[in-house]
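For reference, my_file15.pdb (PDB, C-alpha atoms and all ligand atoms):
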ATOM      1  CA  MET B 261       2.961   7.979  -6.700
ATOM      2  CA  TYR B 262       1.156   7.870 -10.042
ATOM      3  CA  GLU B 263       2.174  10.470 -12.580
ATOM      4  CA  ILE B 264      -0.413  12.464 -14.520
ATOM      5  CA  VAL B 265       0.784  12.136 -18.118
ATOM      6  CA  ALA B 266      -2.049  14.015 -19.839
ATOM      7  CA  ARG B 267      -4.878  16.345 -18.909
ATOM      8  CA  GLN B 268      -7.734  17.775 -20.906
ATOM      9  CA  ASP B 269     -10.271  20.308 -19.694
ATOM     10  CA  LEU B 270     -13.549  19.157 -21.213
ATOM     11  CA  SER B 271     -15.519  22.115 -19.806
ATOM     12  CA  GLU B 272     -15.203  24.610 -16.949
ATOM     13  CA  THR B 273     -16.137  21.908 -14.459
ATOM     14  CA  THR B 274     -15.110  18.650 -16.132
ATOM     15  CA  TYR B 275     -11.531  17.506 -16.623
ATOM     16  CA  LEU B 276      -9.804  14.367 -17.850
ATOM     17  CA  LEU B 277      -6.644  12.933 -16.301
ATOM     18  CA  GLU B 278      -4.561  10.194 -17.884
ATOM     19  CA  VAL B 279      -2.519   8.563 -15.146
ATOM     20  CA  ALA B 280       0.465   6.216 -15.478
ATOM     21  CA  HIS B 281      -0.336   2.967 -13.671
ATOM     22  CA  PRO B 282       0.754  -0.027 -15.817
ATOM     23  CA  GLN B 283      -0.458  -2.722 -13.409
ATOM     24  CA  LEU B 284      -3.926  -1.176 -13.120
ATOM     25  CA  ALA B 285      -4.132  -0.535 -16.870
ATOM     26  CA  ARG B 286      -3.523  -4.247 -17.494
ATOM     27  CA  ALA B 287      -5.974  -5.432 -14.836
ATOM     28  CA  ALA B 288      -8.868  -2.983 -15.429
ATOM     29  CA  ARG B 289     -12.137  -4.200 -16.942
ATOM     30  CA  PRO B 290     -15.199  -2.199 -18.084
ATOM     31  CA  GLY B 291     -17.458  -1.142 -15.222
ATOM     32  CA  GLN B 292     -14.726  -1.016 -12.575
ATOM     33  CA  PHE B 293     -13.602   1.926 -10.509
ATOM     34  CA  VAL B 294     -10.664   3.177  -8.444
ATOM     35  CA  ILE B 295     -10.281   5.043  -5.169
ATOM     36  CA  VAL B 296      -7.975   8.012  -5.509
ATOM     37  CA  LEU B 297      -6.110  10.014  -2.892
ATOM     38  CA  SER B 298      -4.498  13.049  -4.459
ATOM     39  CA  HIS B 299      -2.249  14.027  -1.491
ATOM     40  CA  GLU B 300      -1.613  13.065   2.136
ATOM     41  CA  GLN B 301      -4.238  15.383   3.623
ATOM     42  CA  GLY B 302      -6.720  14.625   0.839
ATOM     43  CA  GLU B 303      -9.952  12.653   0.886
ATOM     44  CA  ARG B 304     -10.359   9.237  -0.739
ATOM     45  CA  ILE B 305     -12.756   9.537  -3.670
ATOM     46  CA  PRO B 306     -14.166   6.815  -5.902
ATOM     47  CA  LEU B 307     -13.887   7.392  -9.666
ATOM     48  CA  THR B 308     -14.882   5.144 -12.553
ATOM     49  CA  ILE B 309     -12.147   3.973 -14.910
ATOM     50  CA  ALA B 310     -13.291   5.811 -18.052
ATOM     51  CA  ASP B 311     -10.617   4.248 -20.238
ATOM     52  CA  PHE B 312      -7.528   2.052 -19.893
ATOM     53  CA  ASP B 313      -4.666   1.273 -22.225
ATOM     54  CA  GLY B 314      -2.491  -1.721 -21.331
ATOM     55  CA  GLU B 315       0.126  -0.808 -23.960
ATOM     56  CA  ARG B 316       0.578   2.780 -22.785
ATOM     57  CA  GLY B 317       0.209   1.615 -19.182
ATOM     58  CA  THR B 318      -2.316   4.333 -18.369
ATOM     59  CA  VAL B 319      -5.844   4.740 -17.035
ATOM     60  CA  THR B 320      -8.148   7.664 -17.795
ATOM     61  CA  LEU B 321     -10.396   9.361 -15.256
ATOM     62  CA  VAL B 322     -13.027  11.971 -16.118
ATOM     63  CA  ILE B 323     -13.899  14.097 -13.128
ATOM     64  CA  GLN B 324     -16.585  16.656 -12.427
ATOM     65  CA  ALA B 325     -15.588  19.366  -9.944
ATOM     66  CA  VAL B 326     -18.554  19.295  -7.551
ATOM     67  CA  GLY B 327     -17.060  19.773  -4.076
ATOM     68  CA  LYS B 328     -13.912  20.273  -2.031
ATOM     69  CA  SER B 329     -11.814  17.310  -3.227
ATOM     70  CA  THR B 330     -12.742  17.379  -6.902
ATOM     71  CA  LYS B 331     -12.273  21.184  -7.086
ATOM     72  CA  GLU B 332      -8.940  20.936  -5.287
ATOM     73  CA  MET B 333      -7.841  18.219  -7.741
ATOM     74  CA  GLN B 334      -8.946  20.444 -10.617
ATOM     75  CA  GLN B 335      -6.381  23.016  -9.373
ATOM     76  CA  LEU B 336      -3.576  20.651  -8.354
ATOM     77  CA  CYS B 337      -3.661  17.832 -10.900
ATOM     78  CA  GLN B 338      -1.524  19.156 -13.724
ATOM     79  CA  VAL B 339       0.645  17.140 -16.145
ATOM     80  CA  GLY B 340       3.898  16.060 -14.475
ATOM     81  CA  ARG B 341       2.372  16.008 -10.995
ATOM     82  CA  SER B 342       1.359  12.764  -9.310
ATOM     83  CA  LEU B 343      -1.558  11.284  -7.413
ATOM     84  CA  LEU B 344      -0.508   9.834  -4.062
ATOM     85  CA  ALA B 345      -2.657   6.687  -4.336
ATOM     86  CA  VAL B 346      -4.807   5.049  -6.982
ATOM     87  CA  VAL B 347      -6.308   1.840  -5.630
ATOM     88  CA  GLY B 348      -8.112  -0.646  -7.850
ATOM     89  CA  PRO B 349      -9.549  -2.008  -9.982
ATOM     90  CA  MET B 350     -12.559  -2.244  -7.671
ATOM     91  CA  GLY B 351     -16.070  -3.538  -8.189
ATOM     92  CA  LEU B 352     -17.364  -6.289 -10.428
ATOM     93  CA  PRO B 353     -16.616  -5.987 -14.146
ATOM     94  CA  THR B 354     -19.519  -5.703 -16.603
ATOM     95  CA  ALA B 355     -20.646  -8.945 -18.240
ATOM     96  CA  VAL B 356     -20.679  -8.647 -22.047
ATOM     97  CA  ASN B 357     -21.501 -12.220 -23.103
ATOM     98  CA  ASP B 358     -24.591 -13.101 -25.168
ATOM     99  CA  VAL B 359     -25.671  -9.507 -25.845
ATOM    100  CA  ARG B 360     -26.434  -9.055 -29.545
ATOM    101  CA  LYS B 361     -27.902  -5.568 -29.449
ATOM    102  CA  VAL B 362     -27.154  -3.065 -26.716
ATOM    103  CA  VAL B 363     -27.996   0.573 -26.037
ATOM    104  CA  CYS B 364     -25.390   2.458 -23.968
ATOM    105  CA  VAL B 365     -26.865   5.602 -22.444
ATOM    106  CA  GLY B 366     -24.611   8.244 -20.868
ATOM    107  CA  GLY B 367     -25.966  11.422 -19.321
ATOM    108  CA  GLY B 368     -23.471  14.284 -18.838
ATOM    109  CA  LEU B 369     -20.488  12.953 -16.923
ATOM    110  CA  GLY B 370     -21.982   9.431 -17.286
ATOM    111  CA  VAL B 371     -20.796   9.473 -20.911
ATOM    112  CA  ALA B 372     -17.247   8.711 -19.720
ATOM    113  CA  PRO B 373     -17.941   5.647 -17.520
ATOM    114  CA  VAL B 374     -20.279   4.049 -20.075
ATOM    115  CA  PHE B 375     -17.577   4.190 -22.790
ATOM    116  CA  PRO B 376     -15.552   1.073 -21.763
ATOM    117  CA  GLN B 377     -18.799  -0.922 -21.696
ATOM    118  CA  LEU B 378     -19.770   0.284 -25.177
ATOM    119  CA  ARG B 379     -16.326  -0.649 -26.541
ATOM    120  CA  ALA B 380     -16.384  -4.080 -24.870
ATOM    121  CA  HIS B 381     -19.797  -4.870 -26.405
ATOM    122  CA  LYS B 382     -18.657  -3.691 -29.849
ATOM    123  CA  ASN B 383     -15.465  -5.777 -29.613
ATOM    124  CA  ASN B 384     -17.630  -8.733 -28.604
ATOM    125  CA  GLY B 385     -19.596  -8.434 -31.862
ATOM    126  CA  ALA B 386     -22.780  -6.736 -30.602
ATOM    127  CA  TYR B 387     -24.799  -4.150 -32.552
ATOM    128  CA  THR B 388     -24.230  -1.028 -30.483
ATOM    129  CA  ILE B 389     -26.416   2.053 -30.124
ATOM    130  CA  GLY B 390     -24.999   5.000 -28.183
ATOM    131  CA  VAL B 391     -27.243   7.626 -26.628
ATOM    132  CA  ILE B 392     -25.275  10.486 -25.095
ATOM    133  CA  GLY B 393     -26.731  13.656 -23.625
ATOM    134  CA  PHE B 394     -25.434  17.045 -22.515
ATOM    135  CA  ARG B 395     -27.015  20.334 -21.464
ATOM    136  CA  ASN B 396     -25.621  21.998 -24.592
ATOM    137  CA  ARG B 397     -23.081  21.521 -27.394
ATOM    138  CA  ASP B 398     -20.277  23.310 -25.487
ATOM    139  CA  LEU B 399     -20.396  20.643 -22.768
ATOM    140  CA  MET B 400     -20.260  17.756 -25.251
ATOM    141  CA  PHE B 401     -17.223  15.457 -25.226
ATOM    142  CA  TRP B 402     -16.133  12.118 -26.782
ATOM    143  CA  LYS B 403     -18.531  12.326 -29.745
ATOM    144  CA  ASP B 404     -15.880  10.912 -32.137
ATOM    145  CA  LYS B 405     -14.702   8.320 -29.627
ATOM    146  CA  PHE B 406     -18.293   7.054 -29.306
ATOM    147  CA  ALA B 407     -18.910   7.206 -33.081
ATOM    148  CA  ARG B 408     -15.997   4.770 -33.612
ATOM    149  CA  TYR B 409     -17.729   2.072 -31.561
ATOM    150  CA  CYS B 410     -21.420   2.786 -32.350
ATOM    151  CA  ASP B 411     -23.534   1.384 -35.172
ATOM    152  CA  ASP B 412     -25.997   4.201 -34.339
ATOM    153  CA  LEU B 413     -25.180   7.258 -32.269
ATOM    154  CA  ILE B 414     -27.948   9.487 -30.920
ATOM    155  CA  ILE B 415     -26.821  12.790 -29.410
ATOM    156  CA  CYS B 416     -29.236  14.739 -27.225
ATOM    157  CA  THR B 417     -28.857  18.294 -25.941
ATOM    158  CA  ASN B 418     -31.344  20.087 -23.699
ATOM    159  CA  ASP B 419     -31.273  23.160 -25.944
ATOM    160  CA  GLY B 420     -31.063  21.349 -29.311
ATOM    161  CA  SER B 421     -27.640  22.860 -30.112
ATOM    162  CA  GLU B 422     -26.440  19.377 -31.238
ATOM    163  CA  GLY B 423     -28.434  16.284 -32.198
ATOM    164  CA  ILE B 424     -32.011  16.017 -31.002
ATOM    165  CA  ALA B 425     -33.450  18.572 -28.574
ATOM    166  CA  GLY B 426     -34.241  16.680 -25.406
ATOM    167  CA  LEU B 427     -32.973  14.412 -22.667
ATOM    168  CA  VAL B 428     -31.273  11.030 -23.024
ATOM    169  CA  THR B 429     -34.627   9.445 -22.197
ATOM    170  CA  ASP B 430     -35.909  10.952 -25.483
ATOM    171  CA  GLY B 431     -32.919   9.423 -27.269
ATOM    172  CA  LEU B 432     -33.577   6.074 -25.581
ATOM    173  CA  ALA B 433     -37.261   6.251 -26.614
ATOM    174  CA  ALA B 434     -36.176   6.894 -30.236
ATOM    175  CA  ALA B 435     -33.808   3.889 -30.139
ATOM    176  CA  MET B 436     -36.534   1.658 -28.670
ATOM    177  CA  LYS B 437     -39.001   2.786 -31.349
ATOM    178  CA  GLU B 438     -36.524   1.939 -34.100
ATOM    179  CA  HIS B 439     -35.344  -1.425 -32.672
ATOM    180  CA  ASP B 440     -37.624  -4.085 -31.212
ATOM    181  CA  ASP B 441     -34.810  -6.563 -30.520
ATOM    182  CA  ILE B 442     -32.716  -4.756 -27.903
ATOM    183  CA  ASP B 443     -31.164  -7.242 -25.443
ATOM    184  CA  GLU B 444     -29.849  -4.754 -22.908
ATOM    185  CA  VAL B 445     -29.786  -1.074 -22.018
ATOM    186  CA  ILE B 446     -26.892   0.238 -19.913
ATOM    187  CA  ALA B 447     -27.574   3.642 -18.356
ATOM    188  CA  ILE B 448     -25.037   5.724 -16.431
ATOM    189  CA  GLY B 449     -25.601   9.239 -15.138
ATOM    190  CA  PRO B 450     -27.365  11.016 -12.277
ATOM    191  CA  PRO B 451     -29.626   8.695 -10.221
ATOM    192  CA  ILE B 452     -32.808  10.364 -11.507
ATOM    193  CA  MET B 453     -31.698   9.779 -15.113
ATOM    194  CA  MET B 454     -30.945   6.105 -14.449
ATOM    195  CA  LYS B 455     -34.318   5.726 -12.710
ATOM    196  CA  LEU B 456     -36.162   7.235 -15.697
ATOM    197  CA  CYS B 457     -34.272   5.010 -18.146
ATOM    198  CA  ALA B 458     -35.238   1.950 -16.077
ATOM    199  CA  GLU B 459     -38.873   3.095 -16.071
ATOM    200  CA  ALA B 460     -38.757   3.541 -19.872
ATOM    201  CA  THR B 461     -37.582  -0.039 -20.459
ATOM    202  CA  ARG B 462     -39.717  -1.727 -17.783
ATOM    203  CA  PRO B 463     -42.890  -2.108 -19.928
ATOM    204  CA  ARG B 464     -40.882  -4.013 -22.545
ATOM    205  CA  SER B 465     -38.893  -5.967 -19.919
ATOM    206  CA  ILE B 466     -35.581  -4.991 -21.516
ATOM    207  CA  LYS B 467     -32.707  -5.848 -19.184
ATOM    208  CA  THR B 468     -31.458  -2.500 -17.847
ATOM    209  CA  THR B 469     -28.143  -2.145 -16.067
ATOM    210  CA  VAL B 470     -27.304   0.962 -14.054
ATOM    211  CA  SER B 471     -24.070   1.930 -12.302
ATOM    212  CA  LEU B 472     -24.738   3.222  -8.783
ATOM    213  CA  ASN B 473     -22.702   5.949  -7.110
ATOM    214  CA  PRO B 474     -23.563   5.979  -3.388
ATOM    215  CA  ILE B 475     -21.190   7.525  -0.849
ATOM    216  CA  MET B 476     -18.216   5.184  -0.540
ATOM    217  CA  VAL B 477     -15.611   5.152   2.207
ATOM    218  CA  ASP B 478     -13.335   2.087   2.222
ATOM    219  CA  GLY B 479     -14.518   0.498  -1.041
ATOM    220  CA  THR B 480     -13.919  -2.996   0.365
ATOM    221  CA  GLY B 481     -17.315  -4.002   1.743
ATOM    222  CA  MET B 482     -16.288  -3.293   5.368
ATOM    223  CA  CYS B 483     -17.897   0.041   6.329
ATOM    224  CA  GLY B 484     -21.427  -0.289   4.933
ATOM    225  CA  GLY B 485     -21.344   3.307   3.691
ATOM    226  CA  CYS B 486     -22.326   2.343   0.153
ATOM    227  CA  ARG B 487     -25.341   0.190   0.983
ATOM    228  CA  VAL B 488     -28.179   0.246  -1.506
ATOM    229  CA  SER B 489     -31.465  -1.668  -1.723
ATOM    230  CA  VAL B 490     -31.821  -3.857  -4.791
ATOM    231  CA  GLY B 491     -34.817  -6.176  -5.157
ATOM    232  CA  GLY B 492     -35.567  -5.695  -1.449
ATOM    233  CA  GLU B 493     -32.099  -6.895  -0.430
ATOM    234  CA  MET B 494     -29.263  -4.849   0.998
ATOM    235  CA  LYS B 495     -26.219  -4.736  -1.282
ATOM    236  CA  PHE B 496     -22.862  -2.996  -1.005
ATOM    237  CA  ALA B 497     -22.218  -1.134  -4.260
ATOM    238  CA  CYS B 498     -18.425  -1.381  -3.864
ATOM    239  CA  VAL B 499     -18.260  -5.182  -3.831
ATOM    240  CA  ASP B 500     -21.663  -6.350  -5.164
ATOM    241  CA  GLY B 501     -21.753  -3.653  -7.873
ATOM    242  CA  PRO B 502     -21.497  -0.896  -8.897
ATOM    243  CA  ASP B 503     -23.663  -2.360 -11.737
ATOM    244  CA  PHE B 504     -27.160  -3.503 -10.763
ATOM    245  CA  ASP B 505     -30.469  -4.336 -12.410
ATOM    246  CA  GLY B 506     -32.126  -0.912 -12.736
ATOM    247  CA  HIS B 507     -35.622  -2.409 -12.450
ATOM    248  CA  ASP B 508     -34.824  -3.596  -8.907
ATOM    249  CA  VAL B 509     -32.991  -0.555  -7.496
ATOM    250  CA  ASN B 510     -34.650   1.578  -4.820
ATOM    251  CA  PHE B 511     -33.651   4.929  -6.327
ATOM    252  CA  GLU B 512     -35.545   7.055  -3.751
ATOM    253  CA  GLU B 513     -33.432   5.592  -0.958
ATOM    254  CA  LEU B 514     -30.222   6.148  -2.954
ATOM    255  CA  ILE B 515     -31.122   9.784  -3.677
ATOM    256  CA  ASN B 516     -31.971  10.442   0.002
ATOM    257  CA  ARG B 517     -28.749   8.812   1.221
ATOM    258  CA  LEU B 518     -26.690  10.916  -1.205
ATOM    259  CA  ARG B 519     -28.153  14.069   0.409
ATOM    260  CA  ARG B 520     -27.251  12.932   3.948
ATOM    261  CA  PHE B 521     -23.884  14.716   4.123
ATOM    262  CA  ASP B 522     -24.944  17.904   2.286
ATOM    263  CA  SER B 523     -24.175  20.260   5.195
ATOM    264  CA  ASP B 524     -20.793  18.589   6.033
ATOM    265  CA  GLU B 525     -19.806  18.792   2.360
ATOM    266  CA  ARG B 526     -20.811  22.475   2.205
ATOM    267  CA  GLU B 527     -18.766  23.215   5.350
ATOM    268  CA  ALA B 528     -15.675  21.426   3.907
ATOM    269  CA  MET B 529     -16.084  23.410   0.683
ATOM    270  CA  ASP B 530     -16.443  26.737   2.581
ATOM    271  CA  ARG B 531     -13.339  26.013   4.723
ATOM    272  CA  TRP B 532     -11.268  25.147   1.651
ATOM    273  CA  SER B 533     -12.492  28.232  -0.303
ATOM    274  CA  GLU B 534     -11.577  30.446   2.667
ATOM    275  CA  GLN B 535      -8.060  28.869   2.836
ATOM    276  CA  CYS B 536      -7.608  29.477  -0.912
ATOM    277  CA  ARG B 537      -8.755  33.112  -0.494
ATOM    278  CA  LEU B 538      -6.326  33.713   2.399
ATOM    279  CA  MET B 539      -3.440  32.154   0.417
ATOM    280  CA  ASN B 540      -4.237  34.311  -2.616
ATOM    281  CA  ASP B 541      -4.514  37.490  -0.456
ATOM    282  CA  GLY B 542      -1.307  36.659   1.439
TER     283      GLY B 542
HETATM  284  C1  LIG X 601     -18.447   3.939  -7.945
HETATM  285  C2  LIG X 601     -18.380   5.444  -8.114
HETATM  286  C3  LIG X 601     -17.828   5.954  -9.265
HETATM  287  C4  LIG X 601     -17.754   7.340  -9.440
HETATM  288  N1  LIG X 601     -17.195   7.787 -10.592
HETATM  289  C5  LIG X 601     -17.039   9.116 -10.778
HETATM  290  C6  LIG X 601     -16.374   9.596 -11.946
HETATM  291  O1  LIG X 601     -15.935   8.837 -12.817
HETATM  292  N2  LIG X 601     -16.224  10.946 -12.074
HETATM  293  C7  LIG X 601     -16.707  11.810 -11.109
HETATM  294  O2  LIG X 601     -16.532  13.032 -11.287
HETATM  295  N3  LIG X 601     -17.336  11.374 -10.005
HETATM  296  C8  LIG X 601     -17.501  10.054  -9.807
HETATM  297  N4  LIG X 601     -18.111   9.595  -8.654
HETATM  298  C9  LIG X 601     -18.565  10.572  -7.656
HETATM  299  C10 LIG X 601     -17.352  11.150  -6.893
HETATM  300  O3  LIG X 601     -16.780  10.146  -6.097
HETATM  301  C11 LIG X 601     -17.816  12.335  -6.025
HETATM  302  O4  LIG X 601     -18.246  13.364  -6.880
HETATM  303  C12 LIG X 601     -16.672  12.853  -5.159
HETATM  304  O5  LIG X 601     -16.369  11.923  -4.133
HETATM  305  C13 LIG X 601     -17.087  14.183  -4.567
HETATM  306  O6  LIG X 601     -16.137  14.632  -3.627
HETATM  307  P1  LIG X 601     -15.969  16.188  -3.312
HETATM  308  O7  LIG X 601     -15.203  16.341  -2.056
HETATM  309  O8  LIG X 601     -15.464  16.915  -4.508
HETATM  310  O9  LIG X 601     -17.460  16.689  -3.153
HETATM  311  P2  LIG X 601     -18.353  16.714  -1.843
HETATM  312  O10 LIG X 601     -18.768  18.113  -1.594
HETATM  313  O11 LIG X 601     -17.736  15.913  -0.744
HETATM  314  O12 LIG X 601     -19.608  15.902  -2.371
HETATM  315  C14 LIG X 601     -20.378  16.287  -3.504
HETATM  316  C15 LIG X 601     -21.283  15.113  -3.871
HETATM  317  O13 LIG X 601     -20.465  14.010  -4.269
HETATM  318  C16 LIG X 601     -20.941  12.788  -3.724
HETATM  319  N5  LIG X 601     -19.889  12.209  -2.850
HETATM  320  C17 LIG X 601     -19.197  12.820  -1.869
HETATM  321  N6  LIG X 601     -18.299  12.013  -1.289
HETATM  322  C18 LIG X 601     -18.431  10.827  -1.899
HETATM  323  C19 LIG X 601     -17.811   9.564  -1.737
HETATM  324  N7  LIG X 601     -16.855   9.334  -0.818
HETATM  325  N8  LIG X 601     -18.236   8.562  -2.516
HETATM  326  C20 LIG X 601     -19.174   8.771  -3.476
HETATM  327  N9  LIG X 601     -19.792   9.925  -3.677
HETATM  328  C21 LIG X 601     -19.437  10.944  -2.904
HETATM  329  C22 LIG X 601     -22.206  13.125  -2.973
HETATM  330  O14 LIG X 601     -23.313  12.958  -3.843
HETATM  331  C23 LIG X 601     -22.068  14.575  -2.673
HETATM  332  O15 LIG X 601     -23.296  15.222  -2.510
HETATM  333  C24 LIG X 601     -18.239   8.222  -8.441
HETATM  334  C25 LIG X 601     -18.789   7.714  -7.274
HETATM  335  C26 LIG X 601     -18.869   6.335  -7.120
HETATM  336  C27 LIG X 601     -19.451   5.766  -5.868
HETATM  337  S1  LIG X 602     -17.636   1.654   0.663
HETATM  338 FE1  LIG X 602     -17.589   0.665   2.558
HETATM  339  S2  LIG X 602     -18.831  -1.084   2.266
HETATM  340 FE2  LIG X 602     -18.746  -0.152   0.307
END
Could you rewrite the structure in this file as structure tokens?
Amino acid sequence: MYEIVARQDLSETTYLLEVAHPQLARAARPGQFVIVLSHEQGERIPLTIADFDGERGTVTLVIQAVGKSTKEMQQLCQVGRSLLAVVGPMGLPTAVNDVRKVVCVGGGLGVAPVFPQLRAHKNNGAYTIGVIGFRNRDLMFWKDKFARYCDDLIICTNDGSEGIAGLVTDGLAAAMKEHDDIDEVIAIGPPIMMKLCAEATRPRSIKTTVSLNPIMVDGTGMCGGCRVSVGGEMKFACVDGPDFDGHDVNFEELINRLRRFDSDEREAMDRWSEQCRLMNDG
């Protein structure tokens, strides 16, 4: 059992949990993820380690309530309660060597998982440019946390309520216009955003790393559920990734595979909503 020692609601749908897990906090590296089971009847869900603190012995998860499990966790996961299982760290850590200038792009929820990579590059002596994007100012989080580790920070909002009006791809274009010596771009967010970032950097052949989020089941390379095509080869995101070269990823296939379980997920959500309604009525 892993106690939830802090919680912050970042918006109506996004919440942060800080979980006590000293062993994991010591072992975690940027780019890695965990598989979480909140209770015995729950579903195993993969979540990126958004922060880790070896001294406090905690890891931080930032979760968007999109379906049955993440909405249920939004209700149940309060401070003082515990998660039944938190397995990890999983996946290959991000390589930070030899990068002198890096742009870390986070779109929406992707802002959280890109943070440990930004911090690792800054601590390694790189010049760091952060590009973070939200639909509007009310949904923005971690501006100050990013500012501490960024030489330049570009904030983008769709409606222009904070920073520049536009998408993170506009922020990335601004950074590329200003700097002609970028060694690497790291982009984390929805697949379409990562695809567009990779397309933006392709003409200048800037190394572009993306973090893929296919459906995962066991997280150990055994089930094949997380297979993705990269450079024409089949890879398992859980053990070969989740970071890959964005110029080689077949994003269309990833997007189609993510839609495969739409109707099952809707049914699970409907069943759970009905149970909640009956409990509230009763
Ligand atoms: C490596 C990795 C890291 C991730 N990190 C985060 C994170 O830090 N924060 C966060 O909020 N979400 C993260 N996700 C996505 C998260 O796992 C899904 O949102 C969650 O499993 C949805 O479960 P649900 O029951 O609430 O929704 P459902 O209704 O079951 O699904 C909603 C959508 O979530 C995705 N999804 C569903 N089940 C899985 C699964 N087993 N594995 C992966 N995706 C799934 C699908 O796109 C689906 O359409 C990550 C996924 C991966 C693979
Ligand atoms: S989740 Fe099963 S092989 Fe990756």
Please extract the residues at most 7 Å from ligand LIG 601 (chain X), counting all atoms listed in the file, and provide them as JSON, numbers by chain, using the chain letters and residue numbers of this document.
{"B": [293, 304, 305, 306, 307, 308, 309, 310, 321, 322, 323, 324, 325, 326, 327, 328, 329, 330, 331, 369, 373, 472, 473, 474, 475, 476, 477, 498, 502, 518, 519, 521, 522, 525, 526, 529]}
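What the PyMOL selection byres (((chain B and resi 279) around 6) and not hetatm) picks from this file is Glu263, Ile264, Val265, Glu278, Ala280, Thr318 and Val319 of chain B.
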Write the residues of the selection above to a file with C-alpha atoms, as a short mmCIF file (atom, residue, chain, number, x, y, z; two decimals), in the coordinates of the input.
data_model
loop_
_atom_site.label_atom_id
_atom_site.label_comp_id
_atom_site.auth_asym_id
_atom_site.auth_seq_id
_atom_site.Cartn_x
_atom_site.Cartn_y
_atom_site.Cartn_z
CA GLU B 263 2.17 10.47 -12.58
CA ILE B 264 -0.41 12.46 -14.52
CA VAL B 265 0.78 12.14 -18.12
CA GLU B 278 -4.56 10.19 -17.88
CA ALA B 280 0.46 6.22 -15.48
CA THR B 318 -2.32 4.33 -18.37
CA VAL B 319 -5.84 4.74 -17.04
#
Within 10 Å of ligand LIG 602 (chain X), which residues show up when you count only C-alpha atoms and all ligand atoms? List them as a PyMOL selection string, please.
chain B and resi 295+306+351+474-488+495-502
Would you mind exporting the chosen residues as a short mmCIF file (atom, residue, chain, number, x, y, z; two decimals), keeping the file's coordinate frame, restricted to C-alpha atoms?
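again.cif was written with the following content:
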data_model
loop_
_atom_site.label_atom_id
_atom_site.label_comp_id
_atom_site.auth_asym_id
_atom_site.auth_seq_id
_atom_site.Cartn_x
_atom_site.Cartn_y
_atom_site.Cartn_z
CA ILE B 295 -10.28 5.04 -5.17
CA PRO B 306 -14.17 6.82 -5.90
CA GLY B 351 -16.07 -3.54 -8.19
CA PRO B 474 -23.56 5.98 -3.39
CA ILE B 475 -21.19 7.52 -0.85
CA MET B 476 -18.22 5.18 -0.54
CA VAL B 477 -15.61 5.15 2.21
CA ASP B 478 -13.34 2.09 2.22
CA GLY B 479 -14.52 0.50 -1.04
CA THR B 480 -13.92 -3.00 0.36
CA GLY B 481 -17.32 -4.00 1.74
CA MET B 482 -16.29 -3.29 5.37
CA CYS B 483 -17.90 0.04 6.33
CA GLY B 484 -21.43 -0.29 4.93
CA GLY B 485 -21.34 3.31 3.69
CA CYS B 486 -22.33 2.34 0.15
CA ARG B 487 -25.34 0.19 0.98
CA VAL B 488 -28.18 0.25 -1.51
CA LYS B 495 -26.22 -4.74 -1.28
CA PHE B 496 -22.86 -3.00 -1.00
CA ALA B 497 -22.22 -1.13 -4.26
CA CYS B 498 -18.42 -1.38 -3.86
CA VAL B 499 -18.26 -5.18 -3.83
CA ASP B 500 -21.66 -6.35 -5.16
CA GLY B 501 -21.75 -3.65 -7.87
CA PRO B 502 -21.50 -0.90 -8.90
#
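Between atom CA of B:Glu332 and atom CA of B:Ala345 the interatomic distance comes to 15.6 Å.
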Residue contacts of B:Arg286 (10 Å, all atoms listed in the file) excluding same-chain residues fewer than 5 positions away, as a PyMOL selection string
chain B and resi 281+312-319+349
Need the shell around B:Asn418: protein/DNA/RNA residues with any atom at most 8 Å away, counting all atoms listed in the file. Skip same-chain ones fewer than 2 positions apart. Format as a PyMOL selection string?
chain B and resi 393-396+416+420-421+425-427
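Taking atom CA of B:Pro451 and atom CA of B:Gly366 as the two end points, the separation is 11.8 Å.
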With distances taken over only C-alpha atoms, which residue among B:Gly368, B:Gly291, B:Gly340, B:Pro463 lies nearest B:Pro353?
B:Gly291
Name the residues that the PyMOL selection byres (((chain B and resi 459) around 12) and not hetatm) pulls out of this structure, and write them as a PyMOL selection string.
chain B and resi 429+432-433+445+447+452-458+460-470+505-509+511
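Across B:Asp398, B:Asp443, B:Asp419, B:Glu438, the tightest approach to B:Ala386 is made by B:Asp443 when counting all atoms listed in the file.
Atom to atom, atom CA of B:Leu378 and atom CA of B:Pro450 stand 18.4 Å apart.
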Which residue is closest to B:Ser471? Choose from B:Val374, B:Pro282, B:Val428, B:Asn357 and count all atoms listed in the file.
B:Val374
So which residues fall inside 12 Å of (-17.4, -6.9, -31.8) if we count all atoms listed in the file? Mind giving them as a VMD selection string?
chain B and resid 356 to 362 377 to 388 408 to 411
Residues from the last selection, C-alpha atoms, saved as a tab-separated table (two decimals), in the coordinates of the input:
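So the final result, stored in selection.tsv, reads:
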chain	number	residue	atom	x	y	z
B	356	VAL	CA	-20.68	-8.65	-22.05
B	357	ASN	CA	-21.50	-12.22	-23.10
B	358	ASP	CA	-24.59	-13.10	-25.17
B	359	VAL	CA	-25.67	-9.51	-25.84
B	360	ARG	CA	-26.43	-9.06	-29.54
B	361	LYS	CA	-27.90	-5.57	-29.45
B	362	VAL	CA	-27.15	-3.06	-26.72
B	377	GLN	CA	-18.80	-0.92	-21.70
B	378	LEU	CA	-19.77	0.28	-25.18
B	379	ARG	CA	-16.33	-0.65	-26.54
B	380	ALA	CA	-16.38	-4.08	-24.87
B	381	HIS	CA	-19.80	-4.87	-26.40
B	382	LYS	CA	-18.66	-3.69	-29.85
B	383	ASN	CA	-15.46	-5.78	-29.61
B	384	ASN	CA	-17.63	-8.73	-28.60
B	385	GLY	CA	-19.60	-8.43	-31.86
B	386	ALA	CA	-22.78	-6.74	-30.60
B	387	TYR	CA	-24.80	-4.15	-32.55
B	388	THR	CA	-24.23	-1.03	-30.48
B	408	ARG	CA	-16.00	4.77	-33.61
B	409	TYR	CA	-17.73	2.07	-31.56
B	410	CYS	CA	-21.42	2.79	-32.35
B	411	ASP	CA	-23.53	1.38	-35.17
